[in-house]
$ cat entry-v2.cif   # mmCIF, C-alpha atoms
data_start
#
loop_
_atom_site.label_atom_id
_atom_site.label_comp_id
_atom_site.auth_asym_id
_atom_site.auth_seq_id
_atom_site.Cartn_x
_atom_site.Cartn_y
_atom_site.Cartn_z
CA MET R 1 89.33 -3.78 45.56
CA VAL R 2 86.80 -2.06 47.70
CA ARG R 3 88.20 -3.87 50.71
CA LEU R 4 91.32 -1.76 50.13
CA SER R 5 89.53 0.95 52.07
CA ARG R 6 91.33 -0.59 55.04
CA ARG R 7 94.68 -0.13 53.40
CA THR R 8 96.61 3.09 53.26
CA PHE R 9 97.14 2.59 49.54
CA ALA R 10 93.53 3.19 48.59
CA ALA R 11 92.22 5.14 51.55
CA SER R 12 92.01 8.43 49.69
CA ALA R 13 90.15 6.97 46.74
CA LEU R 14 87.62 4.90 48.65
CA ALA R 15 87.09 6.63 51.98
CA ALA R 16 83.77 8.06 50.83
CA LEU R 17 82.21 4.79 49.69
CA PRO R 18 80.76 3.55 53.00
CA ALA R 19 79.03 6.87 53.59
CA LEU R 20 77.67 6.94 50.07
CA LEU R 21 76.26 3.47 50.46
CA ALA R 22 74.74 4.25 53.84
CA THR R 23 72.92 7.30 52.53
CA GLY R 24 72.08 5.91 49.13
CA ALA R 25 73.43 9.09 47.66
CA GLY R 26 76.26 7.66 45.86
CA ALA R 27 78.44 2.88 47.17
CA GLY R 28 99.50 -28.41 56.33
CA ALA R 29 97.43 -29.52 59.20
CA ALA R 30 95.14 -32.51 58.89
CA GLY R 31 91.57 -32.05 57.76
CA ALA R 32 92.00 -29.67 54.84
CA ALA R 33 89.00 -29.47 52.55
CA ALA R 34 89.26 -30.85 49.03
CA PRO R 35 90.34 -28.36 46.38
CA ALA R 36 87.59 -26.67 44.41
CA ALA R 37 86.63 -28.02 41.00
CA ARG R 38 89.21 -27.15 38.34
CA SER R 39 86.77 -25.96 35.71
CA GLY R 40 84.10 -23.32 35.97
CA ALA R 41 82.06 -25.34 33.51
CA ALA R 42 82.24 -28.34 35.81
CA ALA R 43 79.97 -26.55 38.25
CA GLY R 44 77.16 -26.52 35.68
CA GLY R 45 74.65 -23.69 35.80
CA GLY R 46 76.56 -21.93 38.54
CA ALA R 47 75.90 -24.76 40.99
CA ALA R 48 78.40 -25.58 43.71
CA PRO R 49 81.30 -27.68 42.43
CA ALA R 50 82.41 -30.87 44.11
CA GLY R 51 84.40 -29.44 46.98
CA ALA R 52 82.95 -25.95 47.37
CA MET R 53 85.21 -22.92 47.24
CA ARG R 54 86.68 -22.01 50.65
CA GLY R 55 89.13 -19.27 49.78
CA MET R 56 91.08 -16.35 51.10
CA TRP R 57 92.69 -13.37 49.45
CA LEU R 58 96.38 -12.84 50.24
CA ALA R 59 96.96 -9.15 49.54
CA THR R 60 100.38 -7.65 48.88
CA VAL R 61 99.51 -4.08 47.87
CA ALA R 62 101.00 -1.69 50.43
CA ASN R 63 102.09 -4.83 52.34
CA ARG R 64 98.51 -5.27 53.49
CA ASP R 65 98.96 -8.96 54.39
CA TRP R 66 102.35 -10.02 53.06
CA PRO R 67 105.23 -9.43 53.33
CA SER R 68 104.70 -7.78 56.69
CA ALA R 69 107.12 -5.03 55.64
CA PRO R 70 109.23 -4.29 52.58
CA GLY R 71 112.92 -5.13 52.73
CA LEU R 72 112.76 -8.30 54.81
CA GLY R 73 115.25 -11.01 53.90
CA ALA R 74 114.22 -13.79 51.55
CA ALA R 75 114.11 -16.40 54.32
CA ARG R 76 111.82 -14.23 56.46
CA GLN R 77 109.54 -13.48 53.53
CA ARG R 78 109.29 -17.14 52.62
CA ASP R 79 108.56 -18.12 56.22
CA GLU R 80 105.75 -15.57 56.45
CA LEU R 81 104.25 -16.77 53.18
CA LEU R 82 104.27 -20.41 54.26
CA ARG R 83 102.67 -19.47 57.56
CA TYR R 84 99.75 -18.00 55.65
CA LEU R 85 99.40 -21.16 53.56
CA ASP R 86 99.44 -23.20 56.75
CA ALA R 87 96.79 -20.92 58.26
CA ALA R 88 94.55 -21.55 55.26
CA VAL R 89 94.85 -25.29 55.82
CA GLU R 90 94.25 -24.95 59.55
CA ARG R 91 91.05 -22.98 58.85
CA ARG R 92 89.92 -25.76 56.49
CA LEU R 93 90.17 -23.55 53.42
CA ASN R 94 91.15 -24.91 50.02
CA THR R 95 92.15 -21.91 47.90
CA VAL R 96 94.53 -18.96 48.21
CA ILE R 97 94.17 -15.98 45.88
CA PHE R 98 97.67 -14.49 45.88
CA GLN R 99 98.18 -10.92 44.67
CA VAL R 100 101.17 -11.02 42.31
CA ARG R 101 100.75 -7.83 40.27
CA PRO R 102 99.36 -5.11 42.55
CA THR R 103 100.77 -2.00 40.84
CA ALA R 104 102.09 -2.80 37.35
CA ASP R 105 104.91 -4.76 39.02
CA ALA R 106 105.67 -8.42 39.64
CA PHE R 107 106.17 -11.04 42.34
CA TRP R 108 107.95 -13.30 39.87
CA PRO R 109 110.86 -12.68 37.44
CA SER R 110 108.74 -11.06 34.74
CA PRO R 111 110.37 -9.86 31.51
CA HIS R 112 107.63 -7.26 31.17
CA GLU R 113 107.52 -5.43 34.52
CA PRO R 114 109.83 -4.70 37.45
CA TRP R 115 110.06 -6.59 40.71
CA SER R 116 107.61 -5.09 43.20
CA ALA R 117 108.84 -2.54 45.72
CA TYR R 118 106.60 -4.25 48.28
CA LEU R 119 109.22 -7.02 48.40
CA THR R 120 112.51 -5.15 48.79
CA GLY R 121 111.47 -1.54 49.28
CA THR R 122 113.03 -0.68 45.90
CA GLN R 123 111.13 -1.20 42.67
CA GLY R 124 113.04 -3.42 40.26
CA GLN R 125 115.33 -4.95 42.89
CA ASN R 126 115.54 -8.74 42.77
CA PRO R 127 114.41 -10.19 46.13
CA GLY R 128 116.63 -13.25 45.70
CA TRP R 129 113.82 -15.77 45.34
CA ASP R 130 110.62 -16.43 43.37
CA PRO R 131 107.51 -15.76 45.50
CA LEU R 132 104.95 -16.86 42.92
CA GLY R 133 106.82 -20.02 42.00
CA THR R 134 107.20 -20.86 45.69
CA ALA R 135 103.56 -20.10 46.43
CA VAL R 136 102.31 -22.40 43.65
CA ALA R 137 104.55 -25.30 44.68
CA GLU R 138 103.92 -24.95 48.41
CA ALA R 139 100.16 -24.44 48.04
CA HIS R 140 99.85 -27.54 45.89
CA ALA R 141 101.95 -29.51 48.37
CA ARG R 142 99.33 -28.63 51.00
CA GLY R 143 96.35 -29.54 48.82
CA LEU R 144 95.50 -25.90 48.20
CA GLU R 145 94.67 -24.24 44.93
CA LEU R 146 96.72 -21.16 44.07
CA HIS R 147 95.02 -18.43 42.09
CA ALA R 148 97.26 -15.65 40.77
CA TRP R 149 95.67 -12.24 41.37
CA PHE R 150 96.40 -9.34 39.03
CA ASN R 151 95.29 -5.72 39.06
CA PRO R 152 95.02 -4.79 35.37
CA TYR R 153 95.55 -1.04 35.16
CA ARG R 154 96.89 0.44 38.42
CA VAL R 155 100.44 1.76 38.04
CA ALA R 156 101.30 3.71 41.19
CA ALA R 157 99.89 5.30 44.34
CA HIS R 158 101.24 8.68 43.19
CA THR R 159 101.27 10.75 40.00
CA ASP R 160 105.02 11.19 39.46
CA PRO R 161 106.35 8.86 36.74
CA SER R 162 109.93 9.81 37.64
CA ARG R 163 109.52 7.85 40.86
CA LEU R 164 109.13 4.64 38.86
CA VAL R 165 112.21 2.60 38.00
CA ALA R 166 113.80 3.90 34.79
CA THR R 167 112.96 0.73 32.85
CA HIS R 168 109.29 0.77 33.83
CA PRO R 169 106.95 0.45 30.83
CA ALA R 170 105.03 3.49 32.06
CA ARG R 171 108.19 5.59 31.73
CA ARG R 172 109.09 4.12 28.37
CA ASN R 173 105.55 4.75 27.13
CA PRO R 174 104.34 7.91 28.87
CA GLY R 175 101.37 8.16 26.53
CA TRP R 176 99.95 5.01 28.10
CA VAL R 177 99.48 6.63 31.50
CA VAL R 178 96.72 8.79 32.98
CA PRO R 179 97.04 10.55 36.36
CA TYR R 180 93.77 10.48 38.29
CA GLY R 181 92.80 10.84 41.93
CA GLY R 182 96.42 11.11 43.06
CA LYS R 183 97.43 7.89 41.31
CA LEU R 184 98.71 6.68 37.95
CA TYR R 185 96.76 4.31 35.75
CA TYR R 186 97.29 2.67 32.39
CA ASN R 187 94.71 3.89 29.88
CA PRO R 188 92.25 1.05 29.09
CA GLY R 189 91.28 2.77 25.85
CA LEU R 190 94.60 2.06 24.14
CA PRO R 191 94.86 -1.25 22.26
CA GLN R 192 98.59 -1.41 22.97
CA VAL R 193 97.90 -1.14 26.71
CA ARG R 194 95.40 -3.98 26.63
CA ALA R 195 97.87 -6.14 24.70
CA PHE R 196 100.61 -5.32 27.19
CA VAL R 197 98.45 -6.16 30.21
CA GLU R 198 97.53 -9.49 28.65
CA ASP R 199 101.21 -10.20 27.92
CA ALA R 200 102.15 -9.45 31.54
CA VAL R 201 99.46 -11.79 32.86
CA LEU R 202 100.15 -14.56 30.37
CA ASP R 203 103.84 -14.66 31.28
CA ALA R 204 102.87 -15.91 34.74
CA VAL R 205 100.34 -18.37 33.33
CA GLU R 206 102.91 -19.83 30.94
CA ARG R 207 105.60 -20.14 33.62
CA TYR R 208 103.58 -21.60 36.49
CA PRO R 209 100.74 -24.15 36.87
CA VAL R 210 98.40 -21.68 38.55
CA ASP R 211 94.90 -23.01 39.05
CA ALA R 212 93.27 -19.74 38.06
CA VAL R 213 93.89 -16.16 37.05
CA HIS R 214 92.07 -13.61 39.17
CA PHE R 215 91.22 -9.97 38.45
CA ASP R 216 89.93 -7.68 41.17
CA ASP R 217 87.38 -4.86 40.86
CA TYR R 218 89.58 -2.10 39.48
CA PHE R 219 89.01 -1.47 35.78
CA TYR R 220 88.44 2.18 35.12
CA PRO R 221 89.19 3.74 38.52
CA TYR R 222 86.57 4.43 41.15
CA PRO R 223 85.15 7.93 40.65
CA VAL R 224 86.74 10.84 42.49
CA ALA R 225 84.52 13.88 43.00
CA GLY R 226 85.43 16.82 40.85
CA GLN R 227 87.89 14.93 38.66
CA SER R 228 87.67 13.36 35.22
CA PHE R 229 89.71 10.56 33.71
CA ASP R 230 91.48 12.15 30.76
CA ASP R 231 91.14 9.71 27.88
CA GLU R 232 89.97 12.27 25.32
CA ALA R 233 92.77 11.57 22.86
CA ALA R 234 92.22 7.81 23.02
CA TYR R 235 88.48 8.28 22.53
CA GLU R 236 89.07 10.48 19.52
CA ALA R 237 91.41 7.89 18.04
CA HIS R 238 89.46 4.71 18.78
CA GLY R 239 85.87 5.61 19.69
CA ASP R 240 84.25 6.37 16.36
CA ALA R 241 82.05 3.27 16.41
CA PHE R 242 80.39 4.21 19.70
CA SER R 243 77.63 6.69 20.43
CA THR R 244 78.93 7.58 23.87
CA ARG R 245 82.25 7.51 25.67
CA ALA R 246 80.69 5.29 28.34
CA ALA R 247 79.81 2.63 25.76
CA TRP R 248 83.33 2.82 24.33
CA ARG R 249 84.86 2.46 27.79
CA ARG R 250 82.73 -0.61 28.55
CA ASN R 251 83.80 -2.14 25.26
CA ASN R 252 87.44 -1.53 26.16
CA ILE R 253 86.99 -3.54 29.36
CA ASP R 254 85.03 -6.23 27.53
CA LEU R 255 87.92 -6.57 25.07
CA LEU R 256 90.39 -7.06 27.92
CA VAL R 257 88.22 -9.68 29.62
CA ARG R 258 87.52 -11.67 26.45
CA GLY R 259 91.09 -11.40 25.21
CA THR R 260 92.59 -12.49 28.52
CA ALA R 261 90.17 -15.41 28.80
CA ALA R 262 90.99 -16.67 25.32
CA ARG R 263 94.74 -16.44 25.85
CA ILE R 264 94.61 -18.22 29.22
CA ARG R 265 92.68 -21.12 27.73
CA ALA R 266 95.07 -21.39 24.81
CA ALA R 267 98.21 -21.15 26.96
CA ARG R 268 97.21 -23.52 29.77
CA PRO R 269 93.96 -25.44 29.25
CA GLY R 270 92.24 -26.11 32.55
CA THR R 271 93.43 -22.90 34.18
CA ARG R 272 90.35 -20.87 34.99
CA PHE R 273 89.69 -17.15 34.83
CA GLY R 274 87.75 -15.40 37.58
CA ILE R 275 86.89 -11.82 38.45
CA SER R 276 85.90 -10.29 41.78
CA PRO R 277 83.78 -7.22 41.08
CA PHE R 278 82.30 -4.65 43.40
CA GLY R 279 79.03 -6.19 44.50
CA ILE R 280 76.55 -3.88 42.77
CA TRP R 281 76.21 -4.13 38.99
CA ARG R 282 73.41 -1.56 38.80
CA ASN R 283 70.66 -0.43 41.13
CA ALA R 284 67.12 -1.34 40.10
CA ALA R 285 66.25 2.36 40.06
CA THR R 286 68.79 2.73 37.23
CA ASP R 287 68.01 -0.51 35.41
CA PRO R 288 65.13 -2.92 36.14
CA ARG R 289 67.58 -5.81 35.74
CA GLY R 290 69.61 -4.42 38.65
CA SER R 291 69.47 -5.19 42.36
CA GLN R 292 67.17 -3.62 44.93
CA THR R 293 69.99 -1.54 46.32
CA ARG R 294 70.95 2.12 46.57
CA GLY R 295 74.67 1.82 46.00
CA GLY R 296 76.64 4.96 45.33
CA VAL R 297 78.86 2.99 42.94
CA GLN R 298 77.51 0.88 40.10
CA THR R 299 80.12 -1.10 38.21
CA TYR R 300 78.37 -0.72 34.85
CA ASP R 301 78.18 3.05 35.09
CA ASP R 302 81.18 4.04 37.21
CA LEU R 303 83.87 1.43 36.50
CA TYR R 304 82.59 0.66 32.98
CA ALA R 305 82.61 -3.04 33.86
CA ASP R 306 79.56 -4.95 32.64
CA THR R 307 79.98 -7.72 35.16
CA ARG R 308 76.51 -9.15 34.57
CA LYS R 309 77.27 -9.67 30.87
CA TRP R 310 80.54 -11.47 31.63
CA VAL R 311 78.60 -13.98 33.73
CA ARG R 312 75.64 -14.37 31.40
CA GLU R 313 77.84 -14.70 28.29
CA GLU R 314 80.17 -17.14 30.14
CA TRP R 315 83.27 -15.13 29.29
CA ILE R 316 84.68 -15.96 32.71
CA ASP R 317 84.78 -19.26 34.57
CA HIS R 318 83.75 -17.86 37.92
CA VAL R 319 82.71 -14.62 39.53
CA VAL R 320 83.37 -13.56 43.14
CA PRO R 321 81.27 -10.46 43.87
CA GLN R 322 82.42 -8.53 46.89
CA LEU R 323 79.33 -8.56 49.11
CA TYR R 324 80.94 -6.65 51.94
CA TRP R 325 77.73 -5.65 53.69
CA HIS R 326 75.78 -7.18 56.55
CA ILE R 327 72.39 -8.83 56.31
CA GLY R 328 69.81 -6.07 56.49
CA GLN R 329 72.08 -3.19 55.47
CA SER R 330 69.67 -0.54 54.25
CA ALA R 331 71.43 0.50 51.05
CA ALA R 332 73.06 -2.80 50.13
CA ASP R 333 71.60 -5.83 51.90
CA TYR R 334 73.79 -8.94 51.75
CA ALA R 335 70.69 -11.14 51.41
CA VAL R 336 69.31 -9.12 48.51
CA LEU R 337 72.62 -9.11 46.67
CA ALA R 338 73.30 -12.82 47.22
CA GLU R 339 69.94 -13.61 45.64
CA TRP R 340 70.56 -11.20 42.76
CA TRP R 341 73.91 -12.78 41.93
CA ALA R 342 72.38 -16.27 42.20
CA ASP R 343 69.70 -15.22 39.73
CA THR R 344 72.39 -13.80 37.44
CA ALA R 345 74.46 -16.99 37.45
CA ARG R 346 71.48 -19.32 37.13
CA GLY R 347 71.48 -21.25 33.87
CA THR R 348 75.08 -20.37 33.03
CA LYS R 349 78.36 -22.26 33.29
CA THR R 350 79.86 -19.40 35.30
CA ALA R 351 80.42 -20.55 38.88
CA LEU R 352 79.43 -18.14 41.64
CA TYR R 353 81.42 -17.66 44.81
CA ILE R 354 80.76 -14.83 47.27
CA GLY R 355 83.42 -12.48 48.62
CA GLU R 356 83.08 -12.02 52.38
CA ALA R 357 84.26 -9.09 54.53
CA LEU R 358 86.04 -10.99 57.29
CA TYR R 359 88.02 -7.83 57.99
CA LYS R 360 84.86 -6.09 59.22
CA ALA R 361 84.07 -8.72 61.85
CA GLY R 362 84.58 -7.26 65.31
CA ASP R 363 85.89 -3.95 64.00
CA PRO R 364 84.48 -1.25 66.33
CA ALA R 365 84.33 1.18 63.42
CA GLN R 366 81.77 -1.03 61.66
CA ALA R 367 78.02 -1.31 62.16
CA ALA R 368 76.55 -3.16 65.11
CA ALA R 369 75.84 -6.27 63.04
CA TRP R 370 79.58 -6.78 62.57
CA GLN R 371 80.15 -6.87 66.32
CA ASP R 372 78.31 -10.21 66.41
CA PRO R 373 80.79 -13.01 65.60
CA GLY R 374 77.90 -14.97 64.11
CA GLU R 375 77.23 -12.52 61.26
CA LEU R 376 79.50 -14.23 58.72
CA SER R 377 78.21 -17.66 59.66
CA ARG R 378 74.70 -16.42 58.91
CA HIS R 379 75.94 -15.33 55.48
CA LEU R 380 76.98 -18.88 54.71
CA GLU R 381 73.71 -20.24 56.08
CA LEU R 382 71.76 -17.90 53.84
CA ALA R 383 73.88 -18.74 50.80
CA ALA R 384 73.46 -22.47 51.41
CA ALA R 385 69.81 -22.05 50.39
CA LEU R 386 70.94 -20.71 46.99
CA PRO R 387 72.14 -23.65 44.87
CA GLU R 388 74.03 -21.34 42.52
CA VAL R 389 76.43 -20.28 45.28
CA GLY R 390 79.46 -22.55 45.08
CA GLY R 391 81.42 -21.21 48.04
CA HIS R 392 82.98 -18.17 49.65
CA VAL R 393 86.24 -16.22 49.70
CA PHE R 394 87.37 -14.24 52.76
CA PHE R 395 89.17 -10.94 52.83
CA SER R 396 91.80 -11.35 53.85
CA ALA R 397 94.76 -13.49 54.96
CA LYS R 398 95.76 -11.39 57.97
CA GLU R 399 92.29 -11.81 59.47
CA VAL R 400 92.14 -15.49 58.48
CA ALA R 401 95.33 -16.11 60.45
CA ALA R 402 94.53 -13.94 63.48
CA ASP R 403 90.70 -14.16 63.55
CA PRO R 404 90.54 -11.53 66.29
CA SER R 405 86.76 -11.68 66.73
CA GLY R 406 86.39 -15.44 66.38
CA ALA R 407 84.08 -14.97 63.39
CA LEU R 408 86.02 -17.35 61.15
CA ALA R 409 86.23 -19.96 63.89
CA ARG R 410 82.45 -19.75 64.06
CA VAL R 411 82.21 -20.25 60.27
CA VAL R 412 84.51 -23.27 60.45
CA ALA R 413 82.55 -24.80 63.34
CA ASP R 414 79.20 -24.21 61.68
CA HIS R 415 80.02 -24.98 58.06
CA TYR R 416 83.47 -26.52 57.48
CA THR R 417 83.47 -29.57 59.72
CA GLY R 418 82.62 -32.04 56.96
#
$ encode --input "entry-v2.cif" --output "structure tokens"
Amino acid sequence: MVRLSRRTFAASALAALPALLATGAGAGAAGAAAPAARSGAAAGGGAAPAGAMRGMWLATVANRDWPSAPGLGAARQRDELLRYLDAAVERRLNTVIFQVRPTADAFWPSPHEPWSAYLTGTQGQNPGWDPLGTAVAEAHARGLELHAWFNPYRVAAHTDPSRLVATHPARRNPGWVVPYGGKLYYNPGLPQVRAFVEDAVLDAVERYPVDAVHFDDYFYPYPVAGQSFDDEAAYEAHGDAFSTRAAWRRNNIDLLVRGTAARIRAARPGTRFGISPFGIWRNAATDPRGSQTRGGVQTYDDLYADTRKWVREEWIDHVVPQLYWHIGQSAADYAVLAEWWADTARGTKTALYIGEALYKAGDPAQAAAWQDPGELSRHLELAAALPEVGGHVFFSAKEVAADPSGALARVVADHYTG
């Protein structure tokens, strides 16, 4: 996700985004809130469900939030996980979005993919316990929803398949993999890849009563200057019906989204499907239906993800756009984007929640607006005037627990006392 710019895993791929956006040249304690509504349709027209979303992302890629380091014992890992769940309750949140498939790996005993190296330090090594199963049970015991977060296509933070465990599907099927920007990705243009990704996700859905499945913003990878994503052979084999490669790529992502949604609903009715895209679909200068922004990344054009269509066609139950900018930001104003997403969700059954950059609050490297601990509270105040906004999700768990700037405490005091 774009917030991964604060993680070593994605620093090389995303370091340029803030500059591009700026220039416009380029992008259980008592008092827990009630869990969010268990159906996107229940919100009706994108309106806030009974018990608005108050969520946090719990990121595992590169050990961003949890576990604090690879190779910790099972008891220590479990203790750290439960502390985060307790922190969510203490902050009066009601939902945890837990990353369980960060790099074509697993935080549960999957028959499709290896145990994650972020647990033990060695890919494929059994950690001696079931993190996802524990997270679901312990979250529900605390009155929290547990959403299982999957990255669809990312395989590794390097381009050497030999570094993957010998049984890894990417090694068994080398034709599925594309090196790009110093990383390995599954090729979204291959039908067998899409089927495999769906199988990997559905295994978790069938095993555990997760409240929702969550995809982040990585579909086709973020663009890297001077490099191209080599899917020529797949396009030649499967792209005849499309006038451009871009249209074919968007259809590939549409197929994944629709296929995953249908299989989730068939496997476990009532489990929702949500996606958290980069906050800019298209700039108005590119498309009059777009937002009045000057983002260097547009999901429709650069990630081949038609996020607006998914909302309007109600393919997904909820959308959580990452609006990681302050109010008044010149290239991507939070206020402008919140209104654009509210307009997009209006009249649909797709619930709208807004992704909030808690990690920026008080960070001296960020703009002056983020030095004010009241900035995030103002986001919620602004969104409260938009009936389509059904809540907020904060990135991420480490900052929720520590709250170094006091920004979340301000949000709780101003908005979460009821």
$ closest_residue --input "entry-v2.cif" --among "R:Thr271, R:Ser162, R:Gln125, R:Asn63" --to "His214 (chain R)" --atoms "only C-alpha atoms"
R:Thr271
$ closest_residue --input "entry-v2.cif" --among "R:Ala367, R:Val297, R:Ala87, R:Leu352" --to "Gln329 (chain R)" --atoms "only C-alpha atoms"
R:Ala367
$ closest_atom_pairs --input "entry-v2.cif" --of "region 302-394 of chain R" --to "region 277-285 of chain R" --cutoff "9 Å" --atoms "only C-alpha atoms" --output "Markdown table"
| residue | atom | partner | partner_atom | distance |
| --- | --- | --- | --- | --- |
| R:Ala305 | CA | R:Trp281 | CA | 8.3 |
| R:Asp306 | CA | R:Trp281 | CA | 7.2 |
| R:Thr307 | CA | R:Trp281 | CA | 6.5 |
| R:Arg308 | CA | R:Trp281 | CA | 6.7 |
| R:Val319 | CA | R:Pro277 | CA | 7.6 |
| R:Val320 | CA | R:Pro277 | CA | 6.7 |
| R:Pro321 | CA | R:Gly279 | CA | 4.9 |
| R:Gln322 | CA | R:Gly279 | CA | 4.8 |
| R:Leu323 | CA | R:Gly279 | CA | 5.2 |
| R:Tyr324 | CA | R:Gly279 | CA | 7.7 |
| R:Ala332 | CA | R:Ile280 | CA | 8.2 |
| R:Leu337 | CA | R:Gly279 | CA | 7.4 |
| R:Trp341 | CA | R:Gly279 | CA | 8.7 |
| R:Gly355 | CA | R:Gly279 | CA | 8.7 |
$ resolve_selection --input "entry-v2.cif" --expression "the PyMOL selection byres ((chain R and resi 412) around 12)" --output "PDB file with C-alpha atoms, in the coordinates of the input"
ATOM      1  CA  GLY R  31      91.570 -32.050  57.760  1.00  0.00           C
ATOM      2  CA  ALA R  32      92.000 -29.670  54.840  1.00  0.00           C
ATOM      3  CA  ALA R  33      89.000 -29.470  52.550  1.00  0.00           C
ATOM      4  CA  ARG R  54      86.680 -22.010  50.650  1.00  0.00           C
ATOM      5  CA  ALA R  88      94.550 -21.550  55.260  1.00  0.00           C
ATOM      6  CA  VAL R  89      94.850 -25.290  55.820  1.00  0.00           C
ATOM      7  CA  GLU R  90      94.250 -24.950  59.550  1.00  0.00           C
ATOM      8  CA  ARG R  91      91.050 -22.980  58.850  1.00  0.00           C
ATOM      9  CA  ARG R  92      89.920 -25.760  56.490  1.00  0.00           C
ATOM     10  CA  LEU R  93      90.170 -23.550  53.420  1.00  0.00           C
ATOM     11  CA  GLY R 374      77.900 -14.970  64.110  1.00  0.00           C
ATOM     12  CA  LEU R 376      79.500 -14.230  58.720  1.00  0.00           C
ATOM     13  CA  SER R 377      78.210 -17.660  59.660  1.00  0.00           C
ATOM     14  CA  LEU R 380      76.980 -18.880  54.710  1.00  0.00           C
ATOM     15  CA  VAL R 400      92.140 -15.490  58.480  1.00  0.00           C
ATOM     16  CA  ASP R 403      90.700 -14.160  63.550  1.00  0.00           C
ATOM     17  CA  GLY R 406      86.390 -15.440  66.380  1.00  0.00           C
ATOM     18  CA  ALA R 407      84.080 -14.970  63.390  1.00  0.00           C
ATOM     19  CA  LEU R 408      86.020 -17.350  61.150  1.00  0.00           C
ATOM     20  CA  ALA R 409      86.230 -19.960  63.890  1.00  0.00           C
ATOM     21  CA  ARG R 410      82.450 -19.750  64.060  1.00  0.00           C
ATOM     22  CA  VAL R 411      82.210 -20.250  60.270  1.00  0.00           C
ATOM     23  CA  ALA R 413      82.550 -24.800  63.340  1.00  0.00           C
ATOM     24  CA  ASP R 414      79.200 -24.210  61.680  1.00  0.00           C
ATOM     25  CA  HIS R 415      80.020 -24.980  58.060  1.00  0.00           C
ATOM     26  CA  TYR R 416      83.470 -26.520  57.480  1.00  0.00           C
ATOM     27  CA  THR R 417      83.470 -29.570  59.720  1.00  0.00           C
ATOM     28  CA  GLY R 418      82.620 -32.040  56.960  1.00  0.00           C
TER      29      GLY R 418
END
$ residues_around --input "entry-v2.cif" --residues "region 190-206 of chain R" --least-positions-apart "3" --cutoff "9 Å" --atoms "only C-alpha atoms" --output "number ranges by chain"
R: 101, 104, 106, 108, 110-113, 132, 148, 150, 152-153, 176, 186-187, 209-210, 212-213, 234-235, 238, 252-253, 255-256, 259-260, 263-264, 267-268, 271
$ atom_distance --input "entry-v2.cif" --atom1 "CA of Ala74 (chain R)" --atom2 "CA of Leu119 (chain R)"
9.0 Å
$ atom_distance --input "entry-v2.cif" --atom1 "CA of Ala397 (chain R)" --atom2 "CA of Ala59 (chain R)"
7.3 Å
$ resolve_selection --input "entry-v2.cif" --expression "the PyMOL selection byres ((chain R and resi 158) around 6)" --output "PyMOL selection string"
chain R and resi 156-157+159-160+182-183
$ residues_near_point --input "entry-v2.cif" --point "(87.4, -5.4, 58.1)" --cutoff "12 Å" --atoms "only C-alpha atoms" --output "VMD selection string"
chain R and resid 2 to 7 324 to 326 356 to 367 370 to 371 376 394 to 400 403 to 405 407
$ atom_distance --input "entry-v2.cif" --atom1 "CA of Pro221 (chain R)" --atom2 "CA of Glu236 (chain R)"
20.2 Å
$ residues_around --input "entry-v2.cif" --residues "region 133-146 of chain R" --least-positions-apart "4" --cutoff "7 Å" --atoms "all atoms listed in the file" --output "PyMOL selection string"
chain R and resi 28+35+85+94-98+208+210-211
$ residues_around --input "entry-v2.cif" --residues "Ile327 (chain R)" --least-positions-apart "5" --cutoff "9 Å" --atoms "all atoms listed in the file" --output "PDB file with C-alpha atoms, in the frame of the given file"
ATOM      1  CA  ALA R 332      73.060  -2.800  50.130  1.00  0.00           C
ATOM      2  CA  ASP R 333      71.600  -5.830  51.900  1.00  0.00           C
ATOM      3  CA  TYR R 334      73.790  -8.940  51.750  1.00  0.00           C
ATOM      4  CA  ALA R 335      70.690 -11.140  51.410  1.00  0.00           C
ATOM      5  CA  VAL R 336      69.310  -9.120  48.510  1.00  0.00           C
ATOM      6  CA  ALA R 369      75.840  -6.270  63.040  1.00  0.00           C
ATOM      7  CA  GLU R 375      77.230 -12.520  61.260  1.00  0.00           C
ATOM      8  CA  ARG R 378      74.700 -16.420  58.910  1.00  0.00           C
ATOM      9  CA  HIS R 379      75.940 -15.330  55.480  1.00  0.00           C
TER      10      HIS R 379
END
$ resolve_selection --input "entry-v2.cif" --expression "the PyMOL selection byres ((chain R and resi 312) around 10)" --output "ChimeraX atom specification"
/R:307-311,313-316,344-350
$ closest_residue --input "entry-v2.cif" --among "R:Ala246, R:Gly296, R:Val178, R:Asp302" --to "Asp231 (chain R)" --atoms "all atoms listed in the file"
R:Val178
$ closest_residue --input "entry-v2.cif" --among "R:Gly128, R:Gly181, R:Gly274, R:Gly73" --to "Gly226 (chain R)" --atoms "only C-alpha atoms"
R:Gly181
